[in-house]
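**Student:** The structure follows.
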There are 4 protein chains.
Amino acid sequence: MDFTPDARTEQLSGELRDFLHTRLVPAAAVFDDQVAALADPWAWSSVPVLQELRAEARERGLWNLFLPGDTGGRRLGAGLTNLQYAPLAELTGRLGRLAPAALNCAAPDTGNMEVLAMFGSPEQQERWLVPLLEGRIRSAFAMTEPDVASSDATNIATSIRREGGEYVVSGRKWWITGAMNPQCEVFVVMGKTDPDADRHRQQSMVLVPRDAPGVEVVRPMTVFGYDDHDHGGHAELAFHDVRVPAANLVGEEGAGFAIAQARLGPGRIHHCMRAIGVAELAIELMCARASERVAFGRPLAEQGVVRDWIAQARVRVEQLRLLVLKAAWLMDTVGTRGAHTEIQAIKVATPQTVEWVLDKAIQVHGAGGISQDFPLAAAWAGVRTLRFADGPDEVHTNALAKAELRRQAAVRAPAG
Amino acid sequence: MDFTPDARTEQLSGELRDFLHTRLVPAAAVFDDQVAALADPWAWSSVPVLQELRAEARERGLWNLFLPGDTGGRRLGAGLTNLQYAPLAELTGRLGRLAPAALNCAAPDTGNMEVLAMFGSPEQQERWLVPLLEGRIRSAFAMTEPDVASSDATNIATSIRREGGEYVVSGRKWWITGAMNPQCEVFVVMGKTDPDADRHRQQSMVLVPRDAPGVEVVRPMTVFGYDDHDHGGHAELAFHDVRVPAANLVGEEGAGFAIAQARLGPGRIHHCMRAIGVAELAIELMCARASERVAFGRPLAEQGVVRDWIAQARVRVEQLRLLVLKAAWLMDTVGTRGAHTEIQAIKVATPQTVEWVLDKAIQVHGAGGISQDFPLAAAWAGVRTLRFADGPDEVHTNALAKAELRRQAAVRAPAG
Amino acid sequence: MDFTPDARTEQLSGELRDFLHTRLVPAAAVFDDQVAALADPWAWSSVPVLQELRAEARERGLWNLFLPGDTGGRRLGAGLTNLQYAPLAELTGRLGRLAPAALNCAAPDTGNMEVLAMFGSPEQQERWLVPLLEGRIRSAFAMTEPDVASSDATNIATSIRREGGEYVVSGRKWWITGAMNPQCEVFVVMGKTDPDADRHRQQSMVLVPRDAPGVEVVRPMTVFGYDDHDHGGHAELAFHDVRVPAANLVGEEGAGFAIAQARLGPGRIHHCMRAIGVAELAIELMCARASERVAFGRPLAEQGVVRDWIAQARVRVEQLRLLVLKAAWLMDTVGTRGAHTEIQAIKVATPQTVEWVLDKAIQVHGAGGISQDFPLAAAWAGVRTLRFADGPDEVHTNALAKAELRRQAAVRAPAG
Amino acid sequence: MDFTPDARTEQLSGELRDFLHTRLVPAAAVFDDQVAALADPWAWSSVPVLQELRAEARERGLWNLFLPGDTGGRRLGAGLTNLQYAPLAELTGRLGRLAPAALNCAAPDTGNMEVLAMFGSPEQQERWLVPLLEGRIRSAFAMTEPDVASSDATNIATSIRREGGEYVVSGRKWWITGAMNPQCEVFVVMGKTDPDADRHRQQSMVLVPRDAPGVEVVRPMTVFGYDDHDHGGHAELAFHDVRVPAANLVGEEGAGFAIAQARLGPGRIHHCMRAIGVAELAIELMCARASERVAFGRPLAEQGVVRDWIAQARVRVEQLRLLVLKAAWLMDTVGTRGAHTEIQAIKVATPQTVEWVLDKAIQVHGAGGISQDFPLAAAWAGVRTLRFADGPDEVHTNALAKAELRRQAAVRAPAG
């Protein structure tokens with residue numbers, strides 16, 4: 001369990017930090033202005049400054065860092081381990097939405113690229129994966145449904161039925177991140193091909209082009225008051241008997257649940273790494289504000305309650321980062337399945353810690369903290385969603401407890 | 001300390017509940033549509049449905065209920081005590097923004113009407129109070145400043161200097177609720193007339209018409225992504241040497257701090273009462289959702305963690321309501337000043353409890369809970385602001401502790 | 001819901017406060033010394049100073065205050081309502097164990113006297129109730145069992161079977177408070193007379209003299225490190241086919257559960273009232289210590305974190321007391337059954353609040369706080385037991401949630 | 001930052017686990033019986049079973065594992081790094097008091113041996129260190145004082161003044177762990193030799209034999225009712241002009257503060273490691289109990305709230321252990337001073353987590369959990385003391401915050 005960054009990680013961290021400070025930080029305001037000036041407010045990924053930054057990131061070798069090298073036998077990504085990627089992802093988390101996008105390391109494309117790299121057919125890879133890897137198009141992942149508790153995969157109501165050489169997709173999805181963006185050209189859709197199969201073999205995934213007849217983008221959802229238009233938003237989608245070629249099936253029929261699980265492991269750890277970057281930003285802003293703001297004759301930094309927040313924040317974030325690194329190390333050494341419990345643990349622990357840190361940083365900023373003048377409120381809303389993204393935390397704590405009870409029972413049981 | 005609602009409160013509660021259920025609940029969607037169709041999105045108070053509801057409320061005797069009868073020797077309001085008004089305000093809190101507005105009981109107009117009723121000159125009352133009481137115009141209260149910790153009144157940087165028959169106002173304010181609304185015709189502005197006076201005699205208040213030369217509405221602020229345009233928003237304002245007649249002074253020079261304190265007592269208790277209504281709505285929605293939503297084979301309502309939330313929510317809200325009623329009763333019997341400690345206590349206790357209840361209600365709703373489909377996320381954002389509205393909670397807990405330490409020291413001290 | 005203390009309460013409060021300060025506070029050290037000098041360390045109730053104090057309390061009319069006047073048609077107690085008794089019980093809570101004992105208002109005798117007054121036969125009352133009311137003997141209540149979750153009454157394993165004119169009691173009990181005391185002459189024992197009856201009609205109660213053949217006092221239990229010998233301890237008891245006359249049955253066969261419920265209501269509210277007295281003592285000690293103790297150049301009372309604790313303690317205790325008063329008022333107006341939900345609420349809320357306050361008071365006292373030099377650690381241990389006394393809090397939150405869900409469902413349901 | 005246990009750690013862990021399970025677990029009851037049978041209840045370390053276990057531990061090479069090999073140029077201990085020692089200490093923590101004592105790894109002797117090894121003169125080492133290393137005598141560390149906040153070293157009131165060839169010690173100490181034990185032959189006493197020196201040069205340490213004239217063992221202190229007699233108790237001591245030879249000075253005059261700091265680093269990390277062992281034991285017992293105990297028709301292990309506790313316990317303990325390992329690794333690589341911040345962090349984080357876990361484990365055990373039948377309540381009391389041992393946590397969070405504020409300010413400051 002060696003968490004020391006190796007030479008490559010150190011080097012990439014240095015280069016990334018340089019790129020962030022010299023290029024991305026100054027570009028943030030330009031990006032905001034260009035997004036604000038768009039005719040279609042959702043077409044965020046088309047603004048010129050982002051194209052320039054992406055070109056430069058690619059040139060600097062800071063591109064597709066998220067993607068392990070050995071996906072599907074082809075060398076596509078940077079080939080970093082999770083442990084190598086962790087500090088890089090944390091760095092991008094501090095610069096919110098611009099950094100992951102500039103490096104082609106933004107969800108949900110990252111997970112979709114992993115799915116296509118691991119399970120996509122050569123044709124699917126040619127048509128969708130290559131342009132995604134090159135940053136020419138964007139994608140969305142359509143799993144969550146409005147009418148059921150879709151964290152329980154057996155509840156999925158969208159149907160995908162085979163008719164001749166086609167699949168017909170019918171159903172309703174929401175919170176489909178990125179799907180409001182007109183450049184989002186393909187949806188990875190989870191539905192049921194066989195409701196009578198075993199619990200975890202009922203589901204399949206198909207690729208649905210955004211312009212397929214019958215696809216309806218119903219409306220954007222808001223997260224607290226944010227529409228996240230600078231990130232593609234979160235759409236409600238309706239699939240009205242949408243027909244796609246049978247070749248659009250990802251993997252095989254009945255593999256939907258397994259693919260989703262494989263996708264979630266890296267997705268969760270990336271979220272957690274970035275969230276730690278957010279927490280670091282919050283501590284940084286909290287300290288700066290506390291040092292400069294005077295109330296009742298003393299800087300906030302000299303007031304006991306504020307100091308307690310700062311100390312607790314540091315102690316909590318240190319513990320959380322170590323747990324995320326352990327999960328990354330386990331994924332690298334025993335695989336996503338072997339790291340299942342630890343991935344659930346960080347899924348639960350991360351929002352608990354980062355929400356708390358953000359809340360205190362906001363409080364130190366007073367009313368400014370909840371406004372558009374600081375990144376804290378928007379970050380808070382984003383982190384709050386982690387408590388039900390990929391299933392509510394309560395599902396995960398329940399599973400964690402069952403695993404612990406099993407483990408303890410095994411220890412108690414007589415060996416022979 | 002008798003909290004039993006008397007006959008008049010019972011009667012008004014019944015009438016109000018009837019009005020809410022039969023008229024306001026059905027009108028909410030109409031209101032939203034009409035606001036959405038406005039040319040100026042901030043002109044929320046001009047929509048027809050609101051005018052109709054207000055006319056009807058007035059006719060039904062459900063108008064200006066917040067205003068005590070004995071203000072300034074004139075009988076203006078309903079003449080209810082705080083204890084009588086409490087359950088009515090709680091009821092309006094459940095219907096968010098529409099109910100207080102329809103009853104002419106919405107902040108910040110309520111506080112401004114109180115100030116004008118208590119401290120306004122007959123001319124000021126004629127020009128501003130009467131149209132406010134009749135719901136023809138709206139107002140804002142300009143105290144908070146962007147560059148200083150304005151919870152400490154000595155930090156106020158806006159200057160109000162006398163020049164001949166005029167006052168000249170210079171400074172910057174933000175979070176001025178309601179000020180984006182073009183119908184908001186007057187600002188009650190707090191500034192310093194004498195920076196060299198005693199700590200609490202430096203400040204004064206003047207009435208500044210929105211259309212006075214030099215008034216600049218700089219921009220709207222957002223609260224966790226919400227611009228609150230359906231409530232007049234929260235503006236940043238700049239006063240560039242704005243000149244108003246000396247007669248626009250409220251009360252006397254140096255009375256600004258005292259007037260602000262007098263205004264804050266009722267304002268805080270109204271906020272708390274409405275917040276309890278919000279908490280009740282959250283419990284109601286949480287129970288309904290938990291009863292109907294099935295996950296892993298059982299309704300959420302049968303899952304232990306959800307039950308724990310529901311029980312804790314009920315236990316906490318009961319305690320909070322009783323404390324608010326006690327504060328109301330104290331205000332009625334010993335006055336705002338005598339109830340100072342209890343008002344601080346509810347200022348601190350209310351967001352602690354209501355935020356927690358809303359967070360759990362949101363979690364039970366899954367992703368829907370943070371969206372525009374339920375009132376929970378917007379309510380959460382509103383309640384979160386209470387933790388620094390009128391000064392951050394930390395200022396109030398500090399004052400509460402000092403009061404307790406003094407009280408205990410007095411008990412310990414030998415009597416003779 | 002009028003919580004104002006009436007004239008009689010005011011008068012009794014004054015007299016009680018006088019008795020506490022002038023007689024009981026000075027007597028505490030004497031009591032400790034006399035208990036320490038006992039040959040049988042458990043015979044606490046026999047020490048001379050307690051006899052003197054009890055005689056004086058009786059003379060002053062501060063005797064059996066806990067007992068409502070109308071029990072079983074006979075005028076036995078002070079005849080106070082729960083609302084009248086509440087502030088008196090709170091006062092006794094501040095003086096820990098000595099005050100309730102001196103006033104003959106100490107558990108478990110209080111509950112047992114209520115049971116005998118309400119359900120005892122004239123013979124039982126003559127033999128046991130009268131000496132208890134006069135403070136000549138003591139009693140214990142034997143319900144909890146070591147091997148089962150006895151909060152679920154259907155789990156009770158002790159059997160009480162009828163054989164001719166006798167009942168034969170067999171089983172094991174623990175945590176039987178007071179039972180180590182040789183002056184504890186009678187146990188009220190809960191057991192099953194008919195395991196096949198309806199869930200809540202299987203249990204009965206019988207009176208078992210401590211010296212009946214077959215009664216074994218197995219050992220004392222400790223609460224954290226306390227054996228509570230100055231209060232009669234907590235015994236593990238074994239009943240080895242103990243025979244008692246059939247006339248020792250309390251009420252009728254099958255009434256055990258109902259009697260236990262009737263007993264628990266007042267018992268819980270008394271516990272809660274006294275616990276609030278403990279919390280007040282903790283705030284008092286915390287403030288005194290914080291004011292006098294200097295660290296790093298400033299009194300603790302000027303340090304932000306300590307101030308935050310003091311303020312939060314005050315805010316929480318105020319809320320809790322109001323909830324307890326509401327429960328008392330409900331018991332007085334609609335009866336124990338009608339106040340069921342509120343009694344559960346205070347059962348859950350009280351240890352949450354009082355434990356927290358004690359923990360902070362201890363922390364302000366440093367190592368002294370956990371020692372024998374202050375009453376804080378022992379009080380903490382006592383309050384900690386409330387979280388499973390009469391069933392773990394989780395049983396009660398579960399029941400509270402079910403009641404709330406039912407209530408909300410009834411409101412949602414269409415009236416006709 | 002490599003936390004993987006190396007071969008030696010793996011081997012020692014295996015051997016230690018074997019010794020614990022085969023020898024110590026069965027011996028625990030024997031130890032308790034022999035301690036109970038002692039004429040002097042404090043002479044715990046003299047019982048035969050402990051001597052046997054210690055002889056065997058020594059023979060097995062499980063002796064003095066805590067002591068780094070390079071102390072003072074002499075090879076005395078096992079020569080383990082902190083990272084190597086960590087999992088061993090955790091294992092001993094699970095067996096409470098017996099395991100550390102049997103392995104000669106029990107506080108406060110461990111810290112005292114470190115002090116003597118690092119700062120003791122050859123004569124001091126010969127007289128005190130050798131018998132301590134061989135387990136023939138025991139020792140105590142006398143720093144804490146009853147009348148001042150001794151976490152602030154400038155408050156130390158005990159004086160150590162030079163008179164000719166002697167030091168004269170006057171003052172009062174309390175919470176001197178181990179000092180009730182008649183086998184405790186020497187006290188390391190902290191006092192002031194020069195109250196006018198610089199803040200951290202006023203203090204010195206001298207060795208005071210327990211039998212020196214003027215040493216008074218005033219009384220034992222209790223910890224939540226426990227007198228900890230099976231561990232030597234916690235004494236209040238008075239030094240009435242106690243004279244010791246000048247050669248009993250440890251290190252040089254004025255070095256007391258520095259020696260105390262050097263001693264505290266390893267001491268704290270050992271406490272934290274053992275506390276994690278306690279938390280693991282609590283999780284184990286909680287799971288076992290939850291699996292076997294049935295309430296309302298289902299095992300506790302199937303009830304949501306209990307599952308939530310188990311999961312949260314696991315998630316928290318994992319994070320804490322990683323932080324402790326990081327602190328150990330830092331101590332090994334950059335020294336105690338370099339690891340100062342992390343040592344403070346674990347000092348604060350450990351009781352927060354372990355108290356919580358123990359509280360929930362207790363709750364799952366019902367009344368049994370607070371009794372002598374399970375090790376949970378005593379463990380809780382022990383862990384609770386960590387929140388002010390070596391200074392209250394609030395002192396450490398304050399220091400942590402200052403360090404963080406400094407670090408952030410340095411990052412903000414322009415480089416050149």
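Here's how to read the names in the structure tokens: chain A, B, ... by the order shown, residue numbers from 1 in each chain, ligand numbers from 1 in the order shown.
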Using only C-alpha atoms, find each residue of chain B with at least one atom at most 8 Å away from an atom of chain A; report its shortest atom-to-atom pair and that distance in Å (one decimal), sort the rows by chain and rising residue number, and return the result as JSON lines.

**Tutor:**
```
{"residue": "B:Pro146", "atom": "CA", "partner": "A:Gly368", "partner_atom": "CA", "distance": 7.7}
{"residue": "B:Val148", "atom": "CA", "partner": "A:Arg293", "partner_atom": "CA", "distance": 7.5}
{"residue": "B:Ala149", "atom": "CA", "partner": "A:Ala295", "partner_atom": "CA", "distance": 5.8}
{"residue": "B:Asp152", "atom": "CA", "partner": "A:Phe296", "partner_atom": "CA", "distance": 6.3}
{"residue": "B:Trp175", "atom": "CA", "partner": "A:Ala367", "partner_atom": "CA", "distance": 7.7}
{"residue": "B:Met221", "atom": "CA", "partner": "A:Ser371", "partner_atom": "CA", "distance": 6.1}
{"residue": "B:Thr222", "atom": "CA", "partner": "A:Ser371", "partner_atom": "CA", "distance": 5.0}
{"residue": "B:Val223", "atom": "CA", "partner": "A:Ser371", "partner_atom": "CA", "distance": 5.3}
{"residue": "B:Phe224", "atom": "CA", "partner": "A:Ala377", "partner_atom": "CA", "distance": 5.4}
{"residue": "B:Gly225", "atom": "CA", "partner": "A:Gly225", "partner_atom": "CA", "distance": 3.9}
{"residue": "B:Tyr226", "atom": "CA", "partner": "A:Gly225", "partner_atom": "CA", "distance": 4.3}
{"residue": "B:Asp227", "atom": "CA", "partner": "A:Gly225", "partner_atom": "CA", "distance": 7.8}
{"residue": "B:Arg293", "atom": "CA", "partner": "A:Ala149", "partner_atom": "CA", "distance": 7.3}
{"residue": "B:Val294", "atom": "CA", "partner": "A:Ala149", "partner_atom": "CA", "distance": 6.9}
{"residue": "B:Ala295", "atom": "CA", "partner": "A:Ala149", "partner_atom": "CA", "distance": 5.8}
{"residue": "B:Phe296", "atom": "CA", "partner": "A:Asp152", "partner_atom": "CA", "distance": 6.3}
{"residue": "B:Val305", "atom": "CA", "partner": "A:Glu394", "partner_atom": "CA", "distance": 7.9}
{"residue": "B:Gln363", "atom": "CA", "partner": "A:Phe388", "partner_atom": "CA", "distance": 7.4}
{"residue": "B:Gly366", "atom": "CA", "partner": "A:Phe388", "partner_atom": "CA", "distance": 6.1}
{"residue": "B:Ala367", "atom": "CA", "partner": "A:Phe388", "partner_atom": "CA", "distance": 6.6}
{"residue": "B:Gly368", "atom": "CA", "partner": "A:Pro146", "partner_atom": "CA", "distance": 7.7}
{"residue": "B:Ile370", "atom": "CA", "partner": "A:Phe224", "partner_atom": "CA", "distance": 5.3}
{"residue": "B:Ser371", "atom": "CA", "partner": "A:Thr222", "partner_atom": "CA", "distance": 5.0}
{"residue": "B:Gln372", "atom": "CA", "partner": "A:Thr222", "partner_atom": "CA", "distance": 6.0}
{"residue": "B:Ala377", "atom": "CA", "partner": "A:Phe224", "partner_atom": "CA", "distance": 5.2}
{"residue": "B:Ala378", "atom": "CA", "partner": "A:Phe224", "partner_atom": "CA", "distance": 6.3}
{"residue": "B:Ala381", "atom": "CA", "partner": "A:Phe224", "partner_atom": "CA", "distance": 7.5}
{"residue": "B:Thr385", "atom": "CA", "partner": "A:Ala367", "partner_atom": "CA", "distance": 7.4}
{"residue": "B:Arg387", "atom": "CA", "partner": "A:Gln363", "partner_atom": "CA", "distance": 7.8}
{"residue": "B:Phe388", "atom": "CA", "partner": "A:Gly366", "partner_atom": "CA", "distance": 6.1}
{"residue": "B:Ala389", "atom": "CA", "partner": "A:Ala367", "partner_atom": "CA", "distance": 7.8}
{"residue": "B:Pro392", "atom": "CA", "partner": "A:Gly366", "partner_atom": "CA", "distance": 7.0}
{"residue": "B:Glu394", "atom": "CA", "partner": "A:Val305", "partner_atom": "CA", "distance": 7.9}
```

**Student:** Put those residues in a file: C-alpha atoms, as a compact mmCIF listing (two decimals), in the first residue's frame.

**Tutor:**
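The new file selection-v4.txt reads:
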```
# COMPACT_ATOMS: atom_id res chain seq x y z
CA PRO B 146 -20.26 43.77 0.38
CA VAL B 148 -17.33 44.70 5.44
CA ALA B 149 -18.75 42.42 8.12
CA ASP B 152 -21.03 44.68 13.27
CA TRP B 175 -28.35 41.29 -0.92
CA MET B 221 -27.19 38.12 -6.64
CA THR B 222 -27.92 34.39 -6.72
CA VAL B 223 -28.60 32.09 -3.78
CA PHE B 224 -27.32 28.61 -4.59
CA GLY B 225 -28.19 29.24 -8.19
CA TYR B 226 -31.61 30.76 -7.52
CA ASP B 227 -32.14 34.37 -8.57
CA ARG B 293 -41.65 4.75 -3.04
CA VAL B 294 -40.48 1.14 -3.14
CA ALA B 295 -36.83 0.11 -3.17
CA PHE B 296 -35.42 -3.38 -2.78
CA VAL B 305 -32.95 4.79 8.63
CA GLN B 363 -32.63 12.54 0.49
CA GLY B 366 -33.63 11.17 -4.40
CA ALA B 367 -32.60 13.32 -7.33
CA GLY B 368 -36.11 14.77 -7.53
CA ILE B 370 -32.88 18.79 -5.50
CA SER B 371 -34.83 19.70 -8.63
CA GLN B 372 -37.54 22.14 -9.59
CA ALA B 377 -34.27 22.45 -2.65
CA ALA B 378 -35.41 26.04 -3.00
CA ALA B 381 -31.47 27.42 0.01
CA THR B 385 -29.47 32.00 4.27
CA ARG B 387 -27.57 31.31 9.15
CA PHE B 388 -26.16 34.69 8.19
CA ALA B 389 -29.17 36.87 7.63
CA PRO B 392 -23.98 35.16 11.20
CA GLU B 394 -21.73 32.79 15.40
```

**Student:** Could you pull the residues within 7 Å of range 104-108 of chain D, counting only C-alpha atoms, minus those fewer than 2 positions along the same chain, as an mmCIF file with C-alpha atoms, in the first residue's frame?

**Tutor:**
```cif
data_model
loop_
_atom_site.group_PDB
_atom_site.id
_atom_site.type_symbol
_atom_site.label_atom_id
_atom_site.label_comp_id
_atom_site.auth_asym_id
_atom_site.auth_seq_id
_atom_site.Cartn_x
_atom_site.Cartn_y
_atom_site.Cartn_z
ATOM 1 C CA TRP D 63 9.162 -7.918 24.530
ATOM 2 C CA ASN D 64 9.771 -4.177 24.526
ATOM 3 C CA LEU D 65 8.483 -4.037 20.963
ATOM 4 C CA PHE D 66 7.660 -0.378 21.386
ATOM 5 C CA PRO D 100 0.418 -4.242 26.833
ATOM 6 C CA ALA D 101 1.458 -5.211 30.344
ATOM 7 C CA ALA D 102 2.406 -8.748 29.354
ATOM 8 C CA THR D 110 6.937 3.042 27.656
ATOM 9 C CA GLY D 111 7.287 6.804 27.563
ATOM 10 C CA ASN D 112 9.468 6.820 30.648
ATOM 11 C CA GLY D 135 9.929 -5.499 33.763
ATOM 12 C CA ALA D 140 4.982 7.031 36.586
ATOM 13 C CA PHE D 141 5.085 10.379 34.832
#
```

**Student:** Find the residues around range 49-58 of chain C up to 10 Å (only C-alpha atoms counted), leave out those fewer than 3 positions away in its own chain, and share them as an MDAnalysis selection string.

**Tutor:** chainID C and resid 16 19 23:24 27:28 30:32 34:35 44:46 61:64 98:99 101:104 134:136

**Student:** Would you kindly return, as number ranges by chain, each protein, DNA or RNA residue with an atom no farther than 9 Å from any atom of Val188 in chain C, considering only C-alpha atoms and excluding same-chain residues fewer than 3 positions away?

**Tutor:** C: 112, 139-143, 205-209, 250

**Student:** Please produce a file of those selected residues containing C-alpha atoms, as a short mmCIF file (atom, residue, chain, number, x, y, z; two decimals), in the first residue's frame.

**Tutor:**
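Result written to part-v1.cif:
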```cif
data_model
loop_
_atom_site.label_atom_id
_atom_site.label_comp_id
_atom_site.auth_asym_id
_atom_site.auth_seq_id
_atom_site.Cartn_x
_atom_site.Cartn_y
_atom_site.Cartn_z
CA ASN C 112 -44.05 1.16 42.51
CA SER C 139 -38.91 -1.60 46.74
CA ALA C 140 -37.68 -2.62 43.31
CA PHE C 141 -39.21 -3.23 39.91
CA ALA C 142 -38.07 -6.43 38.23
CA MET C 143 -38.74 -6.35 34.51
CA MET C 205 -47.10 -8.83 37.84
CA VAL C 206 -46.67 -10.33 41.28
CA LEU C 207 -45.23 -8.99 44.50
CA VAL C 208 -42.27 -11.04 45.72
CA PRO C 209 -40.84 -10.34 49.17
CA VAL C 250 -51.16 -7.13 41.13
#
```

**Student:** Residues of range 225-313 of chain C in strand (DSSP E or B) according to DSSP, as a list in words?

**Tutor:**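 After running DSSP on the backbone, range 225-313 of chain C has strand (DSSP E or B) at Tyr226, His234, Ala235, Glu236, Leu237, Ala238, Phe239, His240, Asp241, Val242, Arg243, Val244, Pro245, Leu249, Val250, Val294, Ala295, Arg298 and Pro299 of chain C.
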
**Student:** May I have the residues from that selection written out with C-alpha atoms, as a JSON list (two decimals), in the first residue's frame?

**Tutor:**
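Once written, result36.json looks like this:
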```json
[["chain", "number", "residue", "atom", "x", "y", "z"],
["C", 226, "TYR", "CA", -20.22, 3.01, 39.22],
["C", 234, "HIS", "CA", -28.56, -2.58, 40.30],
["C", 235, "ALA", "CA", -28.87, -6.26, 41.03],
["C", 236, "GLU", "CA", -28.96, -9.38, 38.99],
["C", 237, "LEU", "CA", -31.63, -11.58, 40.55],
["C", 238, "ALA", "CA", -32.55, -15.21, 40.13],
["C", 239, "PHE", "CA", -35.97, -16.56, 41.04],
["C", 240, "HIS", "CA", -35.68, -20.29, 41.70],
["C", 241, "ASP", "CA", -39.26, -21.53, 41.85],
["C", 242, "VAL", "CA", -40.20, -18.81, 44.27],
["C", 243, "ARG", "CA", -43.66, -19.31, 45.73],
["C", 244, "VAL", "CA", -45.91, -16.41, 46.71],
["C", 245, "PRO", "CA", -49.59, -16.41, 47.68],
["C", 249, "LEU", "CA", -50.91, -10.80, 42.05],
["C", 250, "VAL", "CA", -51.16, -7.13, 41.13],
["C", 294, "VAL", "CA", -7.23, 30.60, 32.67],
["C", 295, "ALA", "CA", -5.39, 28.97, 29.79],
["C", 298, "ARG", "CA", -7.39, 34.14, 28.83],
["C", 299, "PRO", "CA", -10.24, 32.68, 30.86]]
```

**Student:** Hey, can you check how far CA of Ala403 in chain C sits from CA of Val324 in chain C?

**Tutor:**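 Here the two named atoms are 18.9 Å from each other.
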
**Student:** Among the residues of range 23-144 of chain D, find those DSSP assigns to alpha helix (DSSP H) from the backbone and print them as an MDAnalysis selection string.

**Tutor:** chainID D and resid 25:36 48:59 82:94 98:102 109:119 122:124 130:133

**Student:** At what distance in Å, to one decimal, does CA of Asn248 in chain A lie from CA of Arg210 in chain A?

**Tutor:** 13.2 Å
